[in-house]
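Quick look at structure_3.csv (CSV, C-alpha atoms and all ligand atoms):
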```
chain,number,residue,atom,x,y,z
A,853,MET,CA,216.5,323.9,-30.2
A,854,ALA,CA,218.8,322.7,-27.4
A,855,ARG,CA,222.2,323.5,-28.8
A,856,PRO,CA,221.7,327.2,-29.8
A,857,LEU,CA,219.6,327.8,-26.7
A,858,LEU,CA,222.3,326.4,-24.3
A,859,ALA,CA,225.1,328.3,-26.1
A,860,TRP,CA,223.1,331.5,-25.6
A,861,TYR,CA,222.3,330.5,-21.9
A,862,ASP,CA,225.9,329.9,-21.1
A,863,VAL,CA,226.8,333.5,-22.0
A,864,ASN,CA,223.6,335.3,-21.0
A,865,ARG,CA,222.1,333.5,-18.1
A,866,ARG,CA,220.9,335.4,-15.1
A,867,ILE,CA,223.0,335.1,-12.0
A,868,LEU,CA,220.6,334.2,-9.3
A,869,PRO,CA,221.2,333.0,-5.7
A,870,TRP,CA,219.3,329.7,-6.2
A,871,ARG,CA,221.4,329.0,-9.3
A,872,GLU,CA,224.7,329.6,-7.6
A,873,GLU,CA,224.1,327.1,-4.9
A,874,VAL,CA,221.7,324.5,-6.0
A,875,SER,CA,219.7,322.1,-3.9
A,876,PRO,CA,216.2,320.7,-4.2
A,877,TYR,CA,215.2,322.8,-1.2
A,878,ARG,CA,216.5,326.0,-2.7
A,879,THR,CA,215.1,325.3,-6.1
A,880,TRP,CA,211.7,324.5,-4.7
A,881,VAL,CA,211.5,327.6,-2.5
A,882,SER,CA,212.6,329.9,-5.3
A,883,GLU,CA,210.1,328.4,-7.8
A,884,ILE,CA,207.3,328.8,-5.3
A,885,MET,CA,208.2,332.4,-4.6
A,886,LEU,CA,208.5,333.1,-8.4
A,887,GLN,CA,205.0,332.0,-9.0
A,888,GLN,CA,203.1,335.3,-9.7
A,889,THR,CA,206.1,337.4,-8.6
A,890,ARG,CA,209.0,338.9,-10.5
A,891,VAL,CA,212.6,337.9,-9.9
A,892,ALA,CA,213.6,341.3,-8.6
A,893,ALA,CA,210.9,341.3,-6.0
A,894,VAL,CA,211.7,337.7,-4.9
A,895,LEU,CA,215.5,338.3,-4.3
A,896,PRO,CA,215.3,340.0,-0.9
A,897,TYR,CA,212.7,337.5,0.3
A,898,PHE,CA,214.7,334.6,-0.8
A,899,HIS,CA,217.8,335.8,1.1
A,900,ARG,CA,215.8,336.4,4.3
A,901,PHE,CA,214.0,333.1,3.9
A,902,MET,CA,217.2,331.1,3.6
A,903,GLU,CA,218.7,332.9,6.6
A,904,ARG,CA,215.7,332.1,8.8
A,905,TYR,CA,215.0,328.6,7.4
A,906,PRO,CA,218.3,327.2,6.0
A,907,THR,CA,216.9,323.7,5.8
A,908,VAL,CA,213.7,321.9,5.1
A,909,GLU,CA,213.6,320.8,8.8
A,910,ALA,CA,213.9,324.4,10.0
A,911,LEU,CA,211.0,325.4,7.8
A,912,ALA,CA,208.9,322.4,9.0
A,913,ALA,CA,209.5,323.3,12.6
A,914,GLY,CA,209.0,327.1,12.1
A,915,ASP,CA,206.2,329.2,13.7
A,916,GLU,CA,203.5,329.8,11.1
A,917,GLN,CA,202.8,333.4,12.2
A,918,GLU,CA,206.5,334.2,11.9
A,919,LEU,CA,206.6,332.6,8.4
A,920,LEU,CA,203.6,334.6,7.3
A,921,LYS,CA,205.2,337.8,8.6
A,922,LEU,CA,208.3,337.0,6.6
A,923,TRP,CA,206.2,336.4,3.5
A,924,GLU,CA,204.4,339.7,4.0
A,925,GLY,CA,204.4,341.7,0.7
A,926,LEU,CA,204.8,338.7,-1.6
A,927,GLY,CA,201.1,338.0,-1.4
A,928,TYR,CA,199.3,334.7,-2.1
A,929,TYR,CA,199.9,333.5,1.4
A,930,SER,CA,198.6,330.0,0.6
A,931,ARG,CA,202.0,329.5,-1.0
A,932,ALA,CA,203.8,330.0,2.3
A,933,ARG,CA,201.4,327.7,4.2
A,934,ASN,CA,201.8,325.0,1.5
A,935,LEU,CA,205.6,325.4,1.7
A,936,GLN,CA,205.5,324.7,5.4
A,937,LYS,CA,203.0,321.8,5.0
A,938,ALA,CA,205.2,320.2,2.3
A,939,ALA,CA,208.3,320.7,4.4
A,940,GLN,CA,206.6,318.8,7.2
A,941,VAL,CA,205.8,315.9,4.9
A,942,VAL,CA,209.4,315.9,3.5
A,943,THR,CA,210.8,315.9,7.0
A,944,ARG,CA,208.4,313.3,8.4
A,945,GLU,CA,208.1,310.9,5.5
A,946,TYR,CA,211.3,311.3,3.5
A,947,GLY,CA,213.8,312.1,6.4
A,948,GLY,CA,214.3,315.6,5.1
A,949,GLN,CA,215.4,314.5,1.6
A,950,PHE,CA,213.3,315.6,-1.3
A,951,PRO,CA,212.1,312.6,-3.3
A,952,ALA,CA,213.6,312.5,-6.8
A,953,ASP,CA,210.3,311.2,-8.1
A,954,TYR,CA,207.7,313.1,-10.2
A,955,LYS,CA,204.7,311.4,-8.6
A,956,ALA,CA,206.0,311.9,-5.0
A,957,LEU,CA,206.8,315.5,-5.7
A,958,MET,CA,203.3,316.1,-7.2
A,959,SER,CA,201.7,314.7,-4.1
A,960,LEU,CA,203.3,317.5,-1.9
A,961,PRO,CA,201.1,320.5,-1.1
A,962,GLY,CA,201.6,323.4,-3.6
A,963,ILE,CA,203.7,321.4,-6.1
A,964,GLY,CA,202.3,321.1,-9.6
A,965,ASP,CA,203.6,319.9,-12.9
A,966,TYR,CA,205.8,322.9,-13.6
A,967,THR,CA,207.4,323.0,-10.1
A,968,ALA,CA,208.0,319.2,-10.1
A,969,GLY,CA,209.7,319.5,-13.5
A,970,ALA,CA,211.9,322.4,-12.3
A,971,ILE,CA,213.0,320.6,-9.1
A,972,LEU,CA,213.7,317.3,-10.9
A,973,SER,CA,215.6,318.8,-13.8
A,974,ILE,CA,217.5,321.6,-12.0
A,975,ALA,CA,218.3,319.9,-8.7
A,976,PHE,CA,218.4,316.2,-9.8
A,977,GLY,CA,219.4,316.5,-13.4
A,978,ALA,CA,216.4,314.4,-14.5
A,979,PRO,CA,215.1,314.8,-18.1
A,980,VAL,CA,211.7,316.3,-17.2
A,981,PRO,CA,210.4,319.4,-18.8
A,982,ALA,CA,209.2,322.4,-16.8
A,983,VAL,CA,206.4,324.0,-18.8
A,984,ASP,CA,204.8,327.3,-17.7
A,985,GLY,CA,203.2,330.1,-19.6
A,986,ASN,CA,206.6,331.4,-20.8
A,987,VAL,CA,207.6,328.1,-22.2
A,988,LEU,CA,204.2,327.6,-23.9
A,989,ARG,CA,204.7,330.9,-25.6
A,990,ILE,CA,208.1,330.1,-26.9
A,991,LEU,CA,207.1,326.6,-28.1
A,992,SER,CA,204.0,327.9,-29.8
A,993,ARG,CA,206.1,330.6,-31.6
A,994,VAL,CA,209.1,328.4,-32.5
A,995,THR,CA,206.8,325.7,-34.0
A,996,GLY,CA,204.3,328.2,-35.4
A,997,SER,CA,201.5,326.3,-33.7
A,998,ASP,CA,198.2,327.9,-33.2
A,999,LEU,CA,197.0,325.2,-30.7
A,1000,ASP,CA,195.3,327.2,-27.9
A,1001,ILE,CA,197.7,327.1,-24.9
A,1002,LEU,CA,194.8,327.4,-22.4
A,1003,ASP,CA,193.4,324.0,-23.5
A,1004,ALA,CA,194.6,321.2,-21.2
A,1005,LYS,CA,194.8,318.7,-24.1
A,1006,ASN,CA,197.1,321.1,-26.1
A,1007,LYS,CA,199.2,321.7,-23.0
A,1008,LYS,CA,200.0,318.0,-23.1
A,1009,THR,CA,201.1,318.3,-26.7
A,1010,TYR,CA,203.3,321.2,-26.0
A,1011,ARG,CA,204.8,319.4,-23.0
A,1012,ALA,CA,205.6,316.4,-25.2
A,1013,TRP,CA,207.4,318.8,-27.6
A,1014,ALA,CA,209.4,320.2,-24.7
A,1015,GLU,CA,210.3,316.7,-23.6
A,1016,ALA,CA,211.4,315.8,-27.2
A,1017,ALA,CA,213.7,318.9,-27.3
A,1018,LEU,CA,215.2,318.3,-23.8
A,1019,PRO,CA,218.9,317.4,-24.0
A,1020,ALA,CA,219.7,314.4,-21.7
A,1021,ASP,CA,222.9,315.9,-20.5
A,1022,ARG,CA,221.7,319.3,-19.4
A,1023,PRO,CA,217.9,319.2,-18.8
A,1024,GLY,CA,218.1,321.7,-15.9
A,1025,ALA,CA,220.1,324.2,-17.9
A,1026,PHE,CA,217.7,323.8,-20.9
A,1027,ASN,CA,214.6,324.5,-18.7
A,1028,GLN,CA,216.3,327.5,-17.1
A,1029,ALA,CA,217.4,328.8,-20.5
A,1030,LEU,CA,213.7,328.7,-21.7
A,1031,MET,CA,212.7,330.6,-18.5
A,1032,ASP,CA,215.4,333.3,-19.2
A,1033,LEU,CA,214.5,333.5,-22.9
A,1034,GLY,CA,210.9,334.0,-22.0
A,1035,SER,CA,211.6,336.8,-19.6
A,1036,ALA,CA,214.2,338.6,-21.6
A,1037,ILE,CA,213.8,337.9,-25.3
A,1038,CYS,CA,210.7,336.1,-26.4
A,1039,LEU,CA,208.5,338.6,-24.5
A,1040,PRO,CA,204.7,338.4,-24.4
A,1041,GLY,CA,202.9,340.9,-26.6
A,1042,PRO,CA,203.5,342.1,-30.1
A,1043,SER,CA,207.3,342.8,-30.0
A,1044,PRO,CA,209.5,340.0,-28.9
A,1045,ARG,CA,213.2,340.7,-29.4
A,1046,CYS,CA,213.7,338.3,-32.3
A,1047,GLY,CA,216.9,340.1,-33.4
A,1048,ASP,CA,218.6,338.9,-30.2
A,1049,CYS,CA,217.0,335.5,-30.1
A,1050,PRO,CA,219.2,332.3,-30.4
A,1051,LEU,CA,216.2,330.5,-31.9
A,1052,ALA,CA,215.5,333.0,-34.6
A,1053,HIS,CA,216.9,330.8,-37.4
A,1054,LEU,CA,214.5,328.0,-36.6
A,1055,CYS,CA,211.4,330.0,-35.4
A,1056,ALA,CA,208.4,329.4,-37.6
A,1057,ALA,CA,206.5,332.4,-36.1
A,1058,ARG,CA,209.4,334.7,-37.1
A,1059,GLN,CA,209.6,333.3,-40.6
A,1060,GLU,CA,205.9,333.7,-41.1
A,1061,GLY,CA,205.8,337.1,-39.4
A,1062,LYS,CA,203.2,336.0,-36.9
A,1063,GLN,CA,205.0,336.5,-33.6
A,1064,ALA,CA,202.3,338.9,-32.5
A,1065,LEU,CA,199.5,336.3,-33.2
A,1066,LEU,CA,201.0,333.6,-31.1
A,1067,PRO,CA,200.4,332.0,-28.7
A,1068,VAL,CA,196.7,331.6,-29.2
A,1069,ARG,CA,194.7,331.9,-26.0
A,1070,ALA,CA,191.1,331.3,-26.9
A,1071,PRO,CA,188.8,332.9,-24.2
A,1072,LYS,CA,186.4,330.4,-22.8
A,1073,LYS,CA,183.1,330.8,-24.6
A,1074,GLU,CA,180.0,330.9,-22.5
A,1075,LYS,CA,177.5,328.4,-23.7
A,1076,ARG,CA,174.4,330.0,-24.9
A,1077,PRO,CA,171.4,328.5,-23.2
A,1078,GLU,CA,168.3,327.6,-25.3
A,1079,GLU,CA,165.1,326.4,-23.9
A,1080,LEU,CA,162.8,324.0,-25.8
A,1081,THR,CA,159.9,321.7,-25.3
A,1082,VAL,CA,160.1,318.4,-27.0
A,1083,PHE,CA,157.0,316.4,-28.0
A,1084,LEU,CA,157.1,312.6,-28.2
A,1085,LEU,CA,153.9,312.1,-30.0
A,1086,ARG,CA,152.5,308.6,-30.7
A,1087,ARG,CA,149.4,307.5,-32.4
A,1088,PRO,CA,147.5,304.4,-31.3
A,1089,ASP,CA,148.8,302.6,-34.4
A,1090,GLY,CA,152.4,303.1,-33.0
A,1091,ALA,CA,153.4,305.7,-35.6
A,1092,VAL,CA,155.6,308.5,-34.1
A,1093,ALA,CA,155.9,312.1,-35.3
A,1094,LEU,CA,159.3,313.1,-36.5
A,1095,ARG,CA,160.7,315.9,-38.7
A,1096,ARG,CA,163.9,316.7,-40.4
A,1097,ARG,CA,166.1,319.5,-39.1
A,1098,PRO,CA,167.2,322.3,-41.6
A,1099,SER,CA,170.1,321.4,-43.8
A,1100,THR,CA,172.4,324.0,-42.2
A,1101,GLY,CA,173.2,324.8,-38.6
A,1102,LEU,CA,173.1,322.7,-35.5
A,1103,LEU,CA,172.4,318.9,-36.1
A,1104,ALA,CA,171.8,319.8,-39.8
A,1105,GLY,CA,169.7,317.3,-41.7
A,1106,LEU,CA,169.1,315.0,-38.8
A,1107,TRP,CA,165.7,313.8,-37.5
A,1108,GLU,CA,164.1,315.2,-34.4
A,1109,TYR,CA,160.9,315.0,-32.4
A,1110,PRO,CA,158.7,318.0,-33.0
A,1111,ASN,CA,159.7,320.8,-30.6
A,1112,THR,CA,159.0,324.4,-29.9
A,1113,PRO,CA,161.0,327.2,-28.2
A,1114,GLY,CA,160.5,327.8,-24.5
A,1115,LEU,CA,159.7,325.5,-21.6
A,1116,LEU,CA,155.9,325.0,-21.9
A,1117,THR,CA,153.6,324.0,-19.1
A,1118,GLU,CA,151.3,321.1,-19.7
A,1119,ALA,CA,148.4,323.5,-20.5
A,1120,GLN,CA,150.6,325.4,-23.0
A,1121,ALA,CA,151.7,322.1,-24.5
A,1122,ALA,CA,148.1,321.1,-24.9
A,1123,ARG,CA,147.4,324.3,-26.8
A,1124,GLN,CA,150.4,323.6,-29.0
A,1125,LEU,CA,148.9,320.2,-29.8
A,1126,ALA,CA,145.7,321.8,-30.8
A,1127,ASP,CA,147.5,324.2,-33.0
A,1128,TRP,CA,149.1,321.3,-34.8
A,1129,GLY,CA,145.5,319.8,-35.2
A,1130,LEU,CA,146.0,316.9,-32.8
A,1131,THR,CA,143.9,315.7,-29.9
A,1132,ALA,CA,145.5,314.3,-26.8
A,1133,LEU,CA,144.2,310.9,-25.8
A,1134,ARG,CA,146.6,310.2,-22.9
A,1135,TRP,CA,149.5,312.2,-21.3
A,1136,GLU,CA,152.0,309.4,-20.7
A,1137,LYS,CA,155.0,311.0,-19.2
A,1138,SER,CA,156.9,314.3,-18.8
A,1139,TRP,CA,160.7,314.8,-18.1
A,1140,GLN,CA,163.4,317.4,-18.1
A,1141,ALA,CA,166.7,317.0,-19.9
A,1142,ARG,CA,169.8,319.0,-20.7
A,1143,HIS,CA,172.2,318.6,-23.6
A,1144,VAL,CA,175.4,320.5,-23.9
A,1145,PHE,CA,176.9,321.2,-27.4
A,1146,THR,CA,180.1,323.1,-28.0
A,1147,HIS,CA,178.6,326.5,-28.0
A,1148,VAL,CA,175.0,326.0,-27.0
A,1149,ARG,CA,173.2,324.3,-24.1
A,1150,TRP,CA,169.7,323.0,-24.5
A,1151,ASP,CA,167.4,322.9,-21.5
A,1152,MET,CA,164.5,320.7,-22.4
A,1153,GLN,CA,161.0,320.0,-21.2
A,1154,GLY,CA,159.6,316.8,-22.6
A,1155,TYR,CA,156.1,315.4,-23.0
A,1156,ALA,CA,155.1,312.0,-24.2
A,1157,VAL,CA,151.5,312.0,-25.4
A,1158,THR,CA,149.3,309.6,-27.2
A,1159,VAL,CA,147.3,311.6,-29.8
A,1160,THR,CA,144.8,311.1,-32.6
A,1161,GLY,CA,144.8,312.9,-35.9
A,1162,ASP,CA,147.6,313.5,-38.4
A,1163,GLY,CA,147.8,317.3,-37.9
A,1164,GLU,CA,150.6,319.0,-39.8
A,1165,LEU,CA,153.1,316.4,-38.8
A,1166,GLU,CA,154.8,313.5,-40.5
A,1167,TRP,CA,154.4,310.0,-38.9
A,1168,TYR,CA,156.7,307.1,-39.1
A,1169,THR,CA,156.4,303.5,-38.2
A,1170,GLU,CA,158.9,301.6,-36.1
A,1171,ASP,CA,160.5,300.0,-39.2
A,1172,GLN,CA,161.0,303.4,-40.8
A,1173,ARG,CA,162.4,304.9,-37.7
A,1174,ARG,CA,165.1,302.3,-37.5
A,1175,GLN,CA,166.7,303.9,-40.6
A,1176,MET,CA,166.6,307.4,-39.3
A,1177,ALA,CA,169.4,309.2,-37.3
A,1178,ILE,CA,168.0,310.8,-34.2
A,1179,PRO,CA,170.8,312.7,-32.5
A,1180,SER,CA,171.7,312.0,-28.9
A,1181,ALA,CA,170.5,315.5,-27.9
A,1182,PHE,CA,167.1,313.8,-27.9
A,1183,GLU,CA,168.3,310.6,-26.2
A,1184,ARG,CA,165.9,311.0,-23.3
A,1185,ALA,CA,162.9,311.2,-25.6
A,1186,THR,CA,164.1,308.2,-27.5
A,1187,ARG,CA,164.5,306.3,-24.2
A,1188,VAL,CA,161.0,307.2,-23.1
A,1189,LEU,CA,159.8,306.0,-26.5
A,1190,GLY,CA,161.5,302.7,-25.9
A,1191,GLU,CA,159.9,302.4,-22.5
A,1192,LEU,CA,156.5,303.1,-23.8
A,1193,GLU,CA,156.9,300.6,-26.7
A,1194,GLY,CA,158.1,298.0,-24.3
A,1195,GLU,CA,154.9,298.3,-22.1
B,1201,LIG,S1,212.5,334.4,-32.9
B,1201,LIG,FE1,211.2,335.8,-31.8
B,1201,LIG,S2,209.2,334.8,-31.7
B,1201,LIG,FE2,210.7,333.3,-32.2
B,1201,LIG,S3,211.4,332.4,-30.3
B,1201,LIG,FE3,212.8,334.0,-30.8
B,1201,LIG,S4,212.0,335.9,-29.8
B,1201,LIG,FE4,210.3,334.3,-29.8
```

How does this structure look as structure tokens?
Ligand code: SF4
Amino acid sequence: MARPLLAWYDVNRRILPWREEVSPYRTWVSEIMLQQTRVAAVLPYFHRFMERYPTVEALAAGDEQELLKLWEGLGYYSRARNLQKAAQVVTREYGGQFPADYKALMSLPGIGDYTAGAILSIAFGAPVPAVDGNVLRILSRVTGSDLDILDAKNKKTYRAWAEAALPADRPGAFNQALMDLGSAICLPGPSPRCGDCPLAHLCAARQEGKQALLPVRAPKKEKRPEELTVFLLRRPDGAVALRRRPSTGLLAGLWEYPNTPGLLTEAQAARQLADWGLTALRWEKSWQARHVFTHVRWDMQGYAVTVTGDGELEWYTEDQRRQMAIPSAFERATRVLGELEGE
């Protein structure tokens, strides 16, 4: 990616005040301002800011109310407050010099992975990627990857790809080229300007005609809550009631303790036992438990009861149970069983 991207950048790069005169301070302020704000809106603020606070020490010593007034119209005022807090740390702990170190930068208020990468690569020439939503979109399209960009684990993968593509001699230019490409060519939505794109010849999304489908951003699915009452039923001879789950669906084909929908009170649970043709000898224990699956959450009420009768249920001895897979969703019931058998 690097060679065609940098050749394109050298001709088409945007002329921006923080690019003409580069310093860690100016890169940092510009990147914070550019969060959630367009370049055109940032420009007059950046000029005013640099006039009023030409150095990190000046910002650290500034009056907060005056700073917030200057920020008025940019929104997200916590950005301004964090800028000043970070400036105070840099002044106090680093003698006014930004640390050229990822961890140290990340520990400053308001600086995350992207901003740290931008400062290190642009102002210090360090080979660190700066991956934001624009870069994720470009990487997803160039590689044709449908890995969800909202998933933290996938972000790491994309970041590793960006790192692998980063040229050691011009990391800052590479990161800025991606920023410019994302804002001018590889636009979000169905119609990126592939005809003008320097990466078109190696872009998998373009070759496969799926630019409009990438990147994938899977909406977070709400987990569907389900309530059930789990019965740990033991006979005096030690046999326990178990049944096999249906062969399709959640926990298909695995064994489970008998259960019914809903959270039953003890009186309702007693009626359920009678319906199964069982007589309760002793109510041993009750508990509540929760188990979270990918799409479903089980909220469970559990009852351990010593019963007589076979009812409609199937009963298994301890030896038989050792061969059976009882899923961890029922872990609490299994633990209670262990406790009761140990008594
Ligand atoms: S070819 Fe199109 S989809 Fe691929 S990176 Fe370029 S603009 Fe984006």

Give me the residues of chain A that have any atom at most 8 Å from an atom of ligand LIG 1201 (chain B); for each, the nearest atom pair and the distance in Å, rounded to one decimal. Use all atoms listed in the file, sort by chain and number, and format it as CSV.
```
residue,atom,partner,partner_atom,distance
A:Arg989,CA,B:LIG1201,FE4,7.8
A:Ile990,CA,B:LIG1201,S3,5.3
A:Leu991,CA,B:LIG1201,S3,7.5
A:Arg993,CA,B:LIG1201,S2,5.2
A:Val994,CA,B:LIG1201,S3,5.1
A:Leu1033,CA,B:LIG1201,S4,7.7
A:Gly1034,CA,B:LIG1201,FE4,7.8
A:Ile1037,CA,B:LIG1201,S4,5.2
A:Cys1038,CA,B:LIG1201,S4,3.6
A:Leu1039,CA,B:LIG1201,S4,6.9
A:Pro1044,CA,B:LIG1201,S4,4.9
A:Arg1045,CA,B:LIG1201,S4,5.0
A:Cys1046,CA,B:LIG1201,FE1,3.6
A:Gly1047,CA,B:LIG1201,S1,7.2
A:Asp1048,CA,B:LIG1201,S4,7.3
A:Cys1049,CA,B:LIG1201,FE3,4.5
A:Pro1050,CA,B:LIG1201,FE3,6.6
A:Leu1051,CA,B:LIG1201,FE3,5.0
A:Ala1052,CA,B:LIG1201,S1,3.7
A:His1053,CA,B:LIG1201,S1,7.3
A:Leu1054,CA,B:LIG1201,S1,7.7
A:Cys1055,CA,B:LIG1201,FE2,4.6
A:Ala1056,CA,B:LIG1201,FE2,7.0
A:Ala1057,CA,B:LIG1201,S2,5.7
A:Arg1058,CA,B:LIG1201,S1,5.2
A:Gln1063,CA,B:LIG1201,S2,4.9
```

inquiry  = Quick one: residues within 12 Å of region 862-874 of chain A, all atoms listed in the file, excluding same-chain residues fewer than 2 positions away - as JSON, numbers by chain?
reply    = {"A": [854, 855, 856, 857, 858, 859, 860, 876, 877, 878, 879, 880, 881, 882, 883, 885, 886, 891, 892, 894, 895, 896, 897, 898, 899, 900, 901, 902, 970, 971, 972, 973, 974, 975, 976, 977, 1022, 1024, 1025, 1026, 1027, 1028, 1029, 1030, 1031, 1032, 1033, 1034, 1035, 1036, 1037, 1048, 1049, 1050]}

task = Kindly give the distance, in Å, that separates CA of Leu1192 (chain A) and CA of Gly1090 (chain A), rounded to a single decimal.
result =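 It comes out at 10.1 Å.
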
message = Counting all atoms listed in the file, which residue out of A:Gly1154, A:Gly927, A:Pro1077, A:Ala939 sits closest to Arg1187 (chain A)?
response =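 Closest candidate: A:Gly1154.
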
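The list of residues with at least one atom within 12 Å of Ser1138 (chain A), based on all atoms listed in the file and without residues fewer than 5 positions apart in the same chain, reads Thr1081, Val1082, Phe1083, Leu1084, Leu1085, Leu1115, Leu1116, Thr1117, Glu1118, Ala1121, Met1152, Gln1153, Gly1154, Tyr1155, Ala1156, Val1157, Arg1184, Ala1185, Val1188 and Leu1189 of chain A.
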
note = Taken to one decimal, the CA of Leu1018 (chain A)-CA of Ser992 (chain A) distance is 15.9 Å

request  = Tell me, in Å to one decimal, how far CA of Gly1114 (chain A) is from CA of Asp1151 (chain A).
outcome  =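 Going from CA of Gly1114 (chain A) over to CA of Asp1151 (chain A) covers 9.0 Å.
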
task = For each of A:Thr1158, A:Glu1164, A:Leu988, A:Asn1111, take the minimum atom-to-atom distance to Phe1182 (chain A), counting only C-alpha atoms, then give the residue where this is smallest.
result = A:Asn1111

task = Excluding Arg933 (chain A) and any residue of its chain fewer than 3 positions from it, enumerate the residues within 8 Å of it, using only C-alpha atoms, and give them as number ranges by chain.
result = A: 916, 920, 929-930, 936-937

task = Within 12 Å of (212.9, 312.4, 3.0) (coordinates as in the file), grab all the protein and nucleic acid residues, counting only C-alpha atoms, and write them out as a VMD selection string.
result = chain A and resid 876 to 877 908 to 909 938 to 953 956 to 957 960

request  = Go through A:Val1148, A:Val987, A:Ala1020, A:Leu935 one by one, measure the shortest atom-to-atom distance of each to Glu1078 (chain A) using all atoms listed in the file, and give the residue with the smallest value.
outcome  =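 Result for the nearest residue to Glu1078 (chain A): A:Val1148.
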
ask   = Counting all atoms listed in the file, which residues come within 9 Å of (212.1, 320.9, -22.6), with the point read in the file's coordinates, and could you list them as a list in words?
value = Ala854, Pro979, Val980, Pro981, Ala982, Val983, Val987, Arg1011, Ala1012, Trp1013, Ala1014, Glu1015, Ala1016, Ala1017, Leu1018, Pro1019, Pro1023, Phe1026, Asn1027 and Leu1030 of chain A

Repaired coordinates for region 1157-1172 of chain A (N, CA and C atoms) as a compact mmCIF listing (two decimals), in the coordinates of the input:
```txt
# COMPACT_ATOMS: atom_id res chain seq x y z
N VAL A 1157 152.96 312.01 -25.37
CA VAL A 1157 151.50 312.00 -25.40
C VAL A 1157 151.01 311.10 -26.51
N THR A 1158 149.96 310.33 -26.18
CA THR A 1158 149.30 309.60 -27.20
C THR A 1158 148.21 310.47 -27.83
N VAL A 1159 148.22 310.58 -29.15
CA VAL A 1159 147.30 311.60 -29.80
C VAL A 1159 146.55 310.88 -30.94
N THR A 1160 145.48 311.54 -31.39
CA THR A 1160 144.80 311.10 -32.60
C THR A 1160 144.90 312.27 -33.61
N GLY A 1161 144.75 311.90 -34.88
CA GLY A 1161 144.80 312.90 -35.90
C GLY A 1161 146.23 312.88 -36.53
N ASP A 1162 146.33 313.44 -37.76
CA ASP A 1162 147.60 313.50 -38.40
C ASP A 1162 148.25 314.91 -38.16
N GLY A 1163 147.35 315.90 -38.05
CA GLY A 1163 147.80 317.30 -37.90
C GLY A 1163 148.71 317.65 -39.06
N GLU A 1164 149.64 318.58 -38.78
CA GLU A 1164 150.60 319.00 -39.80
C GLU A 1164 151.83 318.20 -39.80
N LEU A 1165 151.85 317.14 -39.02
CA LEU A 1165 153.10 316.40 -38.80
C LEU A 1165 153.28 315.20 -39.66
N GLU A 1166 154.51 314.72 -39.73
CA GLU A 1166 154.80 313.50 -40.50
C GLU A 1166 154.95 312.36 -39.51
N TRP A 1167 154.42 311.17 -39.88
CA TRP A 1167 154.40 310.00 -38.90
C TRP A 1167 155.15 308.86 -39.51
N TYR A 1168 155.89 308.21 -38.66
CA TYR A 1168 156.70 307.10 -39.10
C TYR A 1168 156.57 305.87 -38.28
N THR A 1169 156.55 304.73 -38.96
CA THR A 1169 156.40 303.50 -38.20
C THR A 1169 157.75 303.07 -37.62
N GLU A 1170 157.70 302.03 -36.79
CA GLU A 1170 158.90 301.60 -36.10
C GLU A 1170 159.99 301.18 -37.13
N ASP A 1171 159.58 300.47 -38.17
CA ASP A 1171 160.50 300.00 -39.20
C ASP A 1171 161.20 301.22 -39.87
N GLN A 1172 160.39 302.20 -40.19
CA GLN A 1172 161.00 303.40 -40.80
C GLN A 1172 161.93 304.11 -39.90
```
